[in-house]
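**Student:** One structure, pasted below without further comment.
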Amino acid sequence: MASKKHNTPIKKHNSTIIPVQLAGMLGVIAVIIWMAYRSAIGNDYAYDDLAYVLENGVIRNFSWRAAWTEFILGNYHPLTAISLKIDHSIGELNPRNYHIHNIILHVLNTLLLGYYTFKLLKNERTALIAALLFGVHPLHTESVMWISERKDVLYTLFFLGGLITWIQYRETNKPVYYIYTILLFVLSCLSKGMAVVFPAVIWLTDYLLSPEKFLFKPKAWRIPQLIPFLILALGFGILAIYVQNKFGAVYHVKYLQMDYTVFHKILMVIHGYTFYLVKLIWPMGLCAYHPYPRIVDGALPWAYYIPPFYLMALGTLTWIMRKQKIFIYALLFYTLVLLPVLQILPVGENIVAERYAYLSTLGWFIFAGWSFSNLFEKFKIGNPGLIGIIIYAILLSWVTFNRGKDWKDNLTLFRDVTEKYPDNPPAHNNTGYGYEQIKQFDKAIFHYRKAISLDSNYADVYYNIGSIYGEDLAVYDSGIYYLRVALKKNPEKLEAYNNLGTFYFQLGLLDSAIINYQKVLDGRPNYSLGWYNLGCVYYRQSAFDKALQAYERSSQLDPSFPEVWTSLGNTYGSMGNGSKQIEAYKEGARRGSQPAQEVLRQQKIAW
């Protein structure tokens with residue numbers, strides 16, 4: 001009778017490293033990570049940071065109610081908003097504070113990964129190697145160096161904390177650790193919706209720490225203990241899908257204007273699944289934007305026909321390593337965490353996004369630490385092996401440090417994207433916006449026109465060109481023309497109505513200005529700037545009662561807007577209410593309005 005085959009249990013290595021030394025080495029790793037990411041500290045805002053921070057009323061004009069009830073760019077993450085508000089309270093809009101906060105969170109995540117690995121495998125060397133490689137790997141630069149991805153590093157912090165308390169619960173069976181785990185899971189979900197995979201990961205943790213037959217013994221799955229997590233995950237998952245749909249971030253093939261076949265879609269999913277594995281091994285060619293491929297003569301670009309071979313190689317390796325629980329753990333960890341963002345249901349404009357690798361690849365770093373530790377012990381090359389790992393980590397750190405320079409600002413970031421994807425319309429649109437920010441309008445218009453030549457239905461580009469002509473060059477007729485084209489391409493582009501109103505205002509066509517501002521407010525009644533602009537038109541018409549109502553509405557929606565208080569003061573003055581005029585000027589002066597400050601100085605009134 002043949003003997004039964006069992007999965008090989010994880011070997012618990014003997015280690016000469018004492019806990020104090022482990023803590024000291026993790027401290028050294030923290031310093032190495034800081035050095036690798038320090039190039040990001042002096043960077044400016046980039047990509048979606050304008051909307052997430054600079055124009056985010058939830059952060060600029062913080063209220064607990066807004067933080068917990070409002071959505072930001074198709075996401076519900078109140079704890080992330082609170083985290084960003086902390087930075088705003090310290091240094092207002094200085095990007096340095098936001099970058100430092102991101103790096104600190106990444107360092108903490110690295111230390112938690114090291115501790116989680118130690119709790120799993122009871123081997124200090126494995127924990128140190130896993131933490132070091134995770135901490136410095138260039139694939140994580142997007143999550144750490146992009147301020148808007150605060151949600152990534154924050155939700156991972158709570159996620160890892162929850163995994164550690166779950167192990168504590170397993171070891172002690174104390175209910176308090178179970179409660180801690182639920183609490184940390186909820187905090188993780190409130191930081192980013194991707195945390196809904198947490199129940200699957202604690203199930204994997206149980207698999208790694210349980211007898212060999214765990215996968216085939218549902219009775220060992222702690223189903224009763226998992227039920228609260230599954231219910232919470234379902235609730236947060238439904239909320240995330242609802243918010244994405246409400247914001248319009250869930251894309252459909254029709255919207256992408258791509259005639260993808262089922263075969264194409266399968267190839268794209270395989271490409272996404274293997275992309276991060278390839279970048280783990282060879283972290284070159286990193287980019288902030290990876291667009292959906294275009295169909296040419298019924299075929300995808302040739303690069304999409306290679307990943308199936310990677311998948312076959314992975315399948316072969318899985319068969320070879322099928323008895324190693326740590327490999328199966330890493331593979332399932334990667335697959336389950338990545339599954340919601342494999343673009344089976346298209347979300348966003350990226351076919352892949354490097355930020356999705358931040359948590360999903362965590363299991364592979366643990367596996368790498370285990371593998372190297374095994375090799376060092378087997379061939380008795382402990383010190384030389386560690387030196388080799390350190391040299392490799394230094395090389396990764398150098399790549400990470402240089403990648404930080406690409407995130408310097410919006411223009412630098414998207415010039416890099418256009419170099420890697422020269423035929424991508426959004427890349428040129430964002431590069432054009434980068435040039436617009438530094439007042440190089442000829443170069444901006446060049447890239448905008450390039451984007452139009454690649455996609456004649458790209459409404460955002462027409463809007464941007466129109467804004468340059470009207471706002472920056474004062475060529476209002478051309479600005480109006482391009483904004484009307486933008487609205488024809490996308491009638492829901494409400495910002496175009498706002499700018500149309502402003503251009504008509506500058507031309508003295510006040511009735512047309514009111515019509516367009518009202519169209520904005522019909523679709524977005526809480527748009528503070530729209531109410532302010534409408535108030536300016538009424539003030540020009542000497543309709544002071546209507547102007548006052550519009551300005552007051554604007555000030556209620558965004559009290560941090562200095563100009564609205566100055567305009568309120570002017571309106572009260574025109575209506576003969578001197579006391580309220582001074583009161584409004586004082587508020588404007590406190591908010592930073594220079595005209596209000598000048599008026600109060602002339603009257604020798606303190607604010």
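Order determines the names: the first chain of the structure tokens is A, the second B, and so forth; residues in each chain are numbered 1 upward, and ligands are numbered 1 upward as they are shown.
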As a PyMOL selection string, please: every residue in stretch 328-569 of chain A that DSSP puts in strand (DSSP E or B).
**Tutor:** chain A and resi 347+350-352
**Student:** Restrict the selected residues to all heavy atoms and save them as an mmCIF file, in the first residue's frame.
**Tutor:**
data_model
loop_
_atom_site.group_PDB
_atom_site.id
_atom_site.type_symbol
_atom_site.label_atom_id
_atom_site.label_comp_id
_atom_site.auth_asym_id
_atom_site.auth_seq_id
_atom_site.Cartn_x
_atom_site.Cartn_y
_atom_site.Cartn_z
ATOM 1 N N VAL A 347 -12.560 49.241 -14.204
ATOM 2 C CA VAL A 347 -12.647 50.374 -13.287
ATOM 3 C C VAL A 347 -11.481 51.306 -13.580
ATOM 4 O O VAL A 347 -10.329 50.882 -13.571
ATOM 5 C CB VAL A 347 -12.596 49.914 -11.812
ATOM 6 C CG1 VAL A 347 -12.632 51.125 -10.888
ATOM 7 C CG2 VAL A 347 -13.761 48.984 -11.504
ATOM 8 N N ASN A 350 -6.960 52.718 -16.427
ATOM 9 C CA ASN A 350 -5.717 51.950 -16.486
ATOM 10 C C ASN A 350 -6.005 50.459 -16.585
ATOM 11 O O ASN A 350 -6.797 49.923 -15.814
ATOM 12 C CB ASN A 350 -4.866 52.200 -15.232
ATOM 13 C CG ASN A 350 -4.329 53.616 -15.194
ATOM 14 O OD1 ASN A 350 -3.960 54.164 -16.218
ATOM 15 N ND2 ASN A 350 -4.298 54.204 -14.019
ATOM 16 N N ILE A 351 -5.323 49.779 -17.516
ATOM 17 C CA ILE A 351 -5.440 48.334 -17.600
ATOM 18 C C ILE A 351 -4.735 47.682 -16.416
ATOM 19 O O ILE A 351 -5.164 46.655 -15.899
ATOM 20 C CB ILE A 351 -4.864 47.821 -18.943
ATOM 21 C CG1 ILE A 351 -5.037 46.314 -19.078
ATOM 22 C CG2 ILE A 351 -3.398 48.189 -19.098
ATOM 23 C CD1 ILE A 351 -6.463 45.866 -19.186
ATOM 24 N N VAL A 352 -3.641 48.283 -15.964
ATOM 25 C CA VAL A 352 -2.958 47.888 -14.734
ATOM 26 C C VAL A 352 -2.548 49.162 -14.008
ATOM 27 O O VAL A 352 -2.420 50.220 -14.610
ATOM 28 C CB VAL A 352 -1.701 47.013 -15.000
ATOM 29 C CG1 VAL A 352 -2.079 45.657 -15.547
ATOM 30 C CG2 VAL A 352 -0.722 47.721 -15.929
#
**Student:** Compile the contact shell of stretch 134-137 of chain A as a PDB file with C-alpha atoms, in the first residue's frame: residues with an atom at most 6 Å away, counting only C-alpha atoms, same-chain residues fewer than 3 positions apart removed.
**Tutor:**
ATOM      1  CA  ILE A  33      13.720  52.853   3.432  1.00  0.00           C
ATOM      2  CA  THR A 110       7.354  47.505   6.542  1.00  0.00           C
ATOM      3  CA  ALA A 131      10.720  43.461   5.349  1.00  0.00           C
ATOM      4  CA  LEU A 396      16.550  48.365  -5.537  1.00  0.00           C
ATOM      5  CA  SER A 397      16.840  51.447  -3.322  1.00  0.00           C
TER       6      SER A 397
END
**Student:** So which one's closest to A:Ile227, A:Ile103, A:Ala299, A:Thr412, A:Ile182? Using only C-alpha atoms, please.
**Tutor:**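 Among A:Ile103, A:Ala299, A:Thr412, A:Ile182, it is A:Ile182 that comes nearest to A:Ile227.
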**Student:** As an exercise, work out the distance from atom CA of A:Leu494 to atom CA of A:Tyr517 in Å and give it to one decimal place.
**Tutor:**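 Between atom CA of A:Leu494 and atom CA of A:Tyr517 the gap is 9.4 Å.
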**Student:** Taking the chain letters and numbering used in this document, name the residues of stretch 295-487 of chain A that DSSP puts in helix (DSSP H, G or I), as an MDAnalysis selection string.
**Tutor:** chainID A and resid 302:305 307:320 325:341 354:360 362:378 382:406 410:420 425:437 441:454 459:472 476:487
**Student:** Closest to A:Leu120 among A:Tyr292, A:Trp370, A:Tyr305, A:Tyr421, using only C-alpha atoms?
**Tutor:**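 Smallest separation from A:Leu120 among the options: A:Trp370.
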**Student:** Hey, can you check how far atom CA of A:Ala451 sits from atom CA of A:Thr431?
**Tutor:**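 Distance reported for this atom pair: 9.9 Å.
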**Student:** Residues within 9 Å of A:Trp364, please, as a ChimeraX atom specification. Count only C-alpha atoms; anything in the same chain fewer than 6 positions from it doesn't count.
**Tutor:** /A:130,280,327,329-331,333-334
**Student:** With only C-alpha atoms as the counted atoms, please give the residues lying no more than 8 Å from A:Leu187, apart from itself and same-chain residues fewer than 5 positions off, as a list of chain:residue names.
**Tutor:**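 After dropping sequence-adjacent residues, the list is A:Leu79, A:Tyr155, A:Phe158.
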**Student:** With all heavy atoms retained, export the selected residues as a compact mmCIF listing (two decimals), in the first residue's frame.
**Tutor:**
# COMPACT_ATOMS: atom_id res chain seq x y z
N LEU A 79 -11.34 57.87 6.70
CA LEU A 79 -10.10 57.93 7.49
C LEU A 79 -8.95 58.51 6.68
O LEU A 79 -8.09 59.20 7.22
CB LEU A 79 -9.73 56.53 8.00
CG LEU A 79 -10.64 55.95 9.08
CD1 LEU A 79 -10.07 54.65 9.62
CD2 LEU A 79 -10.84 56.94 10.22
N TYR A 155 -4.56 52.02 4.52
CA TYR A 155 -5.38 50.82 4.70
C TYR A 155 -4.50 49.59 4.94
O TYR A 155 -4.89 48.68 5.68
CB TYR A 155 -6.32 50.62 3.51
CG TYR A 155 -5.92 49.62 2.45
CD1 TYR A 155 -6.42 48.32 2.48
CD2 TYR A 155 -5.09 49.97 1.39
CE1 TYR A 155 -6.10 47.40 1.49
CE2 TYR A 155 -4.77 49.06 0.40
CZ TYR A 155 -5.27 47.78 0.45
OH TYR A 155 -4.95 46.87 -0.53
N PHE A 158 -3.63 49.29 8.78
CA PHE A 158 -4.66 48.63 9.58
C PHE A 158 -4.82 47.16 9.18
O PHE A 158 -5.10 46.30 10.03
CB PHE A 158 -5.99 49.37 9.43
CG PHE A 158 -5.97 50.78 9.94
CD1 PHE A 158 -6.27 51.85 9.11
CD2 PHE A 158 -5.64 51.04 11.26
CE1 PHE A 158 -6.25 53.15 9.58
CE2 PHE A 158 -5.62 52.34 11.75
CZ PHE A 158 -5.92 53.40 10.90
